[in-house]
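Undergrad: First the structure, which I've put down as structure tokens, then a few questions once you've had a look.
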Amino acid sequence: MSLQQAPQSRVFVELVPWADRGRENYLLSGGETLPGLRRPLSSAQAQTATREVHVSGTAEVSATPDRAQVVVQMSSTKEAAAEAKKSVCRRLDYVTQTLQQQGVQSENVTVTKDFQKGRKCLSHWKQRVCITFTEFGKMQNICNFLVEKLDSSVVISQPQFYHTPGSIENLRRQACLVAVENAWRKAQEVCNLVGQTLGKPLLIKEEEMKEWEGQIDDHQSSRLSSSLTVQQKIKSATIHAACKVFITFEVKGREKKKNRI
């Protein structure tokens, strides 16, 4: 009795180089896969393989507001419209003259007018002067001077601090650059520690950017906003930005110094 011969089967196996990280399985003729074995790099491949160091860097920066807006409002109510207007214009001239003497540019001053006819044939004339300041010390001096010189018919608002769009964009850029610098210093120290030389960056990725407005403490926040000092208002309007980056650097071996004869 003869033995029955087993059917022949064909198997295709591919050896995956150690450097080929994405191909980890062997392919069989039937479409199935088996776990693959990796072989180490040859000496030639090891010399050309890129060595890398991966680091992250973080930074937090802040910027105080660069603008403040103050509104000076003057009003008068009289039977004759001309008299009401004259009374308001006299105070307006004093305010604008004071601003000019203190070096406030005309493009930072906006004047609006409002006239209303009230009951009993009374005329109500109102004018508002909106002033934008870039120097907060000068703003305080001007506001204190106007409060001292003018009567109660002139109302000066509390300063409103804010940031221009350009200053916020500069803050974001500064946070990113400082985070990159911190990551570079970290990678430099790591390479020095292990006796290697830091090479060029292979990948720079911004992973996170956060912004928030500064807050005063709970005790101060419970107080009315009008009772806060100028410095407290500036602190509350300060914007903070935090950035996190991920960088991959090339690592080079240190060159051996040749002995001089």
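Ligands are numbered from 1 in the order shown, chains are lettered A, B, ... in the order of the structure tokens, and residues start at 1 in each chain.
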Excluding segment 187-198 of chain A and residues on its chain fewer than 4 positions from it, collect all residues at most 9 Å away from it, counting only C-alpha atoms, and give them as a ChimeraX atom specification.
TA: /A:53-56,182-183,249-255
Undergrad: Generate the output file for the selected residues, C-alpha atoms, as a PDB file, in the first residue's frame.
TA:
```
ATOM      1  CA  VAL A  53      16.188  63.234  20.404  1.00  0.00           C
ATOM      2  CA  HIS A  54      12.575  64.185  21.094  1.00  0.00           C
ATOM      3  CA  VAL A  55      11.848  66.999  23.558  1.00  0.00           C
ATOM      4  CA  SER A  56       8.955  69.217  24.561  1.00  0.00           C
ATOM      5  CA  ASN A 182      13.335  76.149  26.136  1.00  0.00           C
ATOM      6  CA  ALA A 183      13.013  72.903  24.170  1.00  0.00           C
ATOM      7  CA  PHE A 249      16.395  67.142  16.743  1.00  0.00           C
ATOM      8  CA  GLU A 250      19.082  65.225  14.918  1.00  0.00           C
ATOM      9  CA  VAL A 251      21.843  63.852  17.135  1.00  0.00           C
ATOM     10  CA  LYS A 252      25.426  63.738  15.915  1.00  0.00           C
ATOM     11  CA  GLY A 253      28.405  62.023  17.457  1.00  0.00           C
ATOM     12  CA  ARG A 254      31.208  64.216  18.632  1.00  0.00           C
ATOM     13  CA  GLU A 255      34.191  64.333  16.306  1.00  0.00           C
TER      14      GLU A 255
END
```
Undergrad: Residues of segment 68-93 of chain A within 8 Å of segment 116-136 of chain A: nearest atom pair and distance (Å, one decimal) for each, counting only C-alpha atoms, sorted by chain and number, as a Markdown table?
TA:
```
| residue | atom | partner | partner_atom | distance |
| --- | --- | --- | --- | --- |
| A:Ala68 | CA | A:Phe133 | CA | 5.2 |
| A:Gln69 | CA | A:Thr132 | CA | 4.6 |
| A:Val70 | CA | A:Ile131 | CA | 5.3 |
| A:Val71 | CA | A:Cys130 | CA | 4.5 |
| A:Val72 | CA | A:Val129 | CA | 5.0 |
| A:Gln73 | CA | A:Arg128 | CA | 4.5 |
| A:Met74 | CA | A:Gln127 | CA | 5.4 |
| A:Ser75 | CA | A:Lys126 | CA | 4.2 |
| A:Ser76 | CA | A:Trp125 | CA | 5.4 |
| A:Thr77 | CA | A:His124 | CA | 4.4 |
| A:Lys78 | CA | A:Ser123 | CA | 5.4 |
| A:Glu79 | CA | A:Leu122 | CA | 4.5 |
| A:Ala80 | CA | A:Ser123 | CA | 6.3 |
| A:Ala81 | CA | A:Ser123 | CA | 5.1 |
| A:Ala84 | CA | A:Trp125 | CA | 5.8 |
| A:Lys85 | CA | A:Trp125 | CA | 5.8 |
| A:Val88 | CA | A:Lys126 | CA | 7.0 |
| A:Leu92 | CA | A:Gln127 | CA | 7.8 |
```
Undergrad: Go ahead and write the selection's residues with all heavy atoms as a short mmCIF file (atom, residue, chain, number, x, y, z; two decimals), in the first residue's frame.
TA:
```cif
data_model
loop_
_atom_site.label_atom_id
_atom_site.label_comp_id
_atom_site.auth_asym_id
_atom_site.auth_seq_id
_atom_site.Cartn_x
_atom_site.Cartn_y
_atom_site.Cartn_z
N ALA A 68 -6.03 102.54 26.96
CA ALA A 68 -7.07 102.84 27.94
C ALA A 68 -7.98 103.91 27.36
O ALA A 68 -7.52 104.83 26.67
CB ALA A 68 -6.48 103.31 29.27
N GLN A 69 -9.26 103.78 27.63
CA GLN A 69 -10.23 104.72 27.10
C GLN A 69 -10.99 105.38 28.23
O GLN A 69 -11.46 104.71 29.16
CB GLN A 69 -11.20 104.01 26.15
CG GLN A 69 -12.07 104.96 25.35
CD GLN A 69 -12.93 104.21 24.35
OE1 GLN A 69 -13.95 103.63 24.71
NE2 GLN A 69 -12.51 104.20 23.10
N VAL A 70 -11.09 106.71 28.15
CA VAL A 70 -11.82 107.50 29.15
C VAL A 70 -12.84 108.36 28.43
O VAL A 70 -12.53 108.94 27.37
CB VAL A 70 -10.85 108.38 29.97
CG1 VAL A 70 -11.62 109.30 30.91
CG2 VAL A 70 -9.89 107.51 30.78
N VAL A 71 -14.04 108.46 28.98
CA VAL A 71 -15.10 109.28 28.40
C VAL A 71 -15.41 110.43 29.34
O VAL A 71 -15.69 110.23 30.54
CB VAL A 71 -16.36 108.45 28.14
CG1 VAL A 71 -17.49 109.35 27.61
CG2 VAL A 71 -16.07 107.33 27.16
N VAL A 72 -15.34 111.66 28.80
CA VAL A 72 -15.69 112.86 29.55
C VAL A 72 -17.03 113.37 29.00
O VAL A 72 -17.13 113.67 27.80
CB VAL A 72 -14.61 113.95 29.42
CG1 VAL A 72 -15.01 115.19 30.22
CG2 VAL A 72 -13.26 113.43 29.88
N GLN A 73 -18.02 113.45 29.86
CA GLN A 73 -19.37 113.84 29.42
C GLN A 73 -19.77 115.16 30.05
O GLN A 73 -19.68 115.33 31.27
CB GLN A 73 -20.37 112.75 29.78
CG GLN A 73 -21.79 113.05 29.34
CD GLN A 73 -22.70 111.86 29.56
OE1 GLN A 73 -22.61 110.85 28.87
NE2 GLN A 73 -23.60 111.98 30.54
N MET A 74 -20.24 116.09 29.21
CA MET A 74 -20.69 117.41 29.66
C MET A 74 -22.14 117.60 29.23
O MET A 74 -22.49 117.28 28.09
CB MET A 74 -19.82 118.51 29.04
CG MET A 74 -18.37 118.44 29.49
SD MET A 74 -17.22 118.95 28.20
CE MET A 74 -17.21 117.49 27.16
N SER A 75 -22.95 118.13 30.11
CA SER A 75 -24.36 118.33 29.79
C SER A 75 -24.87 119.61 30.43
O SER A 75 -24.34 120.09 31.43
CB SER A 75 -25.20 117.13 30.27
OG SER A 75 -25.10 116.98 31.67
N SER A 76 -25.95 120.16 29.83
CA SER A 76 -26.58 121.37 30.35
C SER A 76 -28.04 121.39 29.93
O SER A 76 -28.36 121.02 28.79
CB SER A 76 -25.85 122.62 29.83
OG SER A 76 -26.50 123.80 30.30
N THR A 77 -28.90 121.78 30.83
CA THR A 77 -30.34 121.88 30.55
C THR A 77 -30.81 123.29 30.86
O THR A 77 -30.71 123.75 32.00
CB THR A 77 -31.13 120.86 31.40
OG1 THR A 77 -30.65 119.54 31.13
CG2 THR A 77 -32.62 120.94 31.08
N LYS A 78 -31.31 123.98 29.84
CA LYS A 78 -31.78 125.36 29.99
C LYS A 78 -33.02 125.56 29.12
O LYS A 78 -33.33 124.76 28.22
CB LYS A 78 -30.69 126.35 29.61
CG LYS A 78 -29.46 126.30 30.53
CD LYS A 78 -28.43 127.34 30.14
CE LYS A 78 -27.21 127.28 31.06
NZ LYS A 78 -27.54 127.60 32.48
N GLU A 79 -33.71 126.66 29.38
CA GLU A 79 -34.89 126.97 28.57
C GLU A 79 -34.51 127.32 27.15
O GLU A 79 -35.17 126.90 26.20
CB GLU A 79 -35.67 128.13 29.21
CG GLU A 79 -36.28 127.77 30.56
CD GLU A 79 -37.11 128.91 31.13
OE1 GLU A 79 -37.16 129.99 30.47
OE2 GLU A 79 -37.69 128.74 32.21
N ALA A 80 -33.44 128.06 26.97
CA ALA A 80 -32.99 128.43 25.63
C ALA A 80 -31.93 127.45 25.16
O ALA A 80 -30.97 127.16 25.89
CB ALA A 80 -32.42 129.85 25.64
N ALA A 81 -32.14 126.92 23.96
CA ALA A 81 -31.20 125.94 23.42
C ALA A 81 -29.82 126.54 23.25
O ALA A 81 -28.79 125.87 23.47
CB ALA A 81 -31.72 125.40 22.08
N ALA A 84 -27.92 126.53 26.55
CA ALA A 84 -27.46 125.18 26.92
C ALA A 84 -26.24 124.79 26.10
O ALA A 84 -25.27 124.25 26.62
CB ALA A 84 -28.59 124.17 26.72
N LYS A 85 -26.31 125.10 24.81
CA LYS A 85 -25.18 124.77 23.95
C LYS A 85 -23.94 125.57 24.33
O LYS A 85 -22.82 125.03 24.36
CB LYS A 85 -25.54 125.05 22.49
CG LYS A 85 -24.43 124.75 21.51
CD LYS A 85 -24.87 125.03 20.08
CE LYS A 85 -23.75 124.74 19.10
NZ LYS A 85 -24.17 125.03 17.70
N VAL A 88 -22.23 124.12 27.46
CA VAL A 88 -21.50 122.88 27.21
C VAL A 88 -20.24 123.14 26.38
O VAL A 88 -19.16 122.59 26.67
CB VAL A 88 -22.41 121.85 26.50
CG1 VAL A 88 -21.59 120.63 26.05
CG2 VAL A 88 -23.52 121.41 27.43
N LEU A 92 -16.36 122.16 26.93
CA LEU A 92 -15.68 121.34 25.91
C LEU A 92 -14.38 121.98 25.46
O LEU A 92 -13.35 121.29 25.31
CB LEU A 92 -16.61 121.14 24.72
CG LEU A 92 -16.01 120.39 23.53
CD1 LEU A 92 -15.63 118.97 23.90
CD2 LEU A 92 -16.99 120.39 22.36
#
```
Undergrad: Pick the closest to Lys138 of chain A from A:Pro65, A:Pro201, A:Gly214, A:Gly103: which is it, counting only C-alpha atoms?
TA: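 Counting only C-alpha atoms, the residue closest to Lys138 of chain A is A:Gly103.
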Undergrad: Counting only C-alpha atoms, which residue out of A:Ala82, A:Arg173, A:Arg67, A:Leu146 sits closest to Thr96 of chain A?
TA: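 Among the listed residues, A:Leu146 lies closest to Thr96 of chain A.
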Undergrad: Given only C-alpha atoms as the basis, pick out the residue of A:Gly166, A:Thr50, A:Gly57, A:Phe145 nearest to Lys244 of chain A.
TA: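 Counting only C-alpha atoms, the residue closest to Lys244 of chain A is A:Gly57.
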Undergrad: Identify all residues of segment 138-234 of chain A in helix (DSSP H, G or I) (DSSP on the backbone) and supply them as a VMD selection string.
TA: chain A and resid 138 to 149 165 to 193 218 to 221 225 to 227 230 to 234
Undergrad: So how far away is atom CA of Arg185 of chain A from atom CA of Glu52 of chain A, in Å?
TA: 15.3 Å
Undergrad: Rank nothing, just name the residue among A:Phe246, A:Trp212, A:Trp184, A:Tyr162 nearest to Gly199 of chain A, using only C-alpha atoms.
TA: A:Trp184
Undergrad: Choose the residue, out of A:Thr98, A:Thr58, A:Arg51, A:Lys186, that has the smallest atom-to-atom separation from Glu208 of chain A; count only C-alpha atoms.
TA: A:Thr58
Undergrad: What is the atom CA of Val154 of chain A-atom CA of Ala237 of chain A distance in Å, reported with one decimal?
TA: 26.7 Å
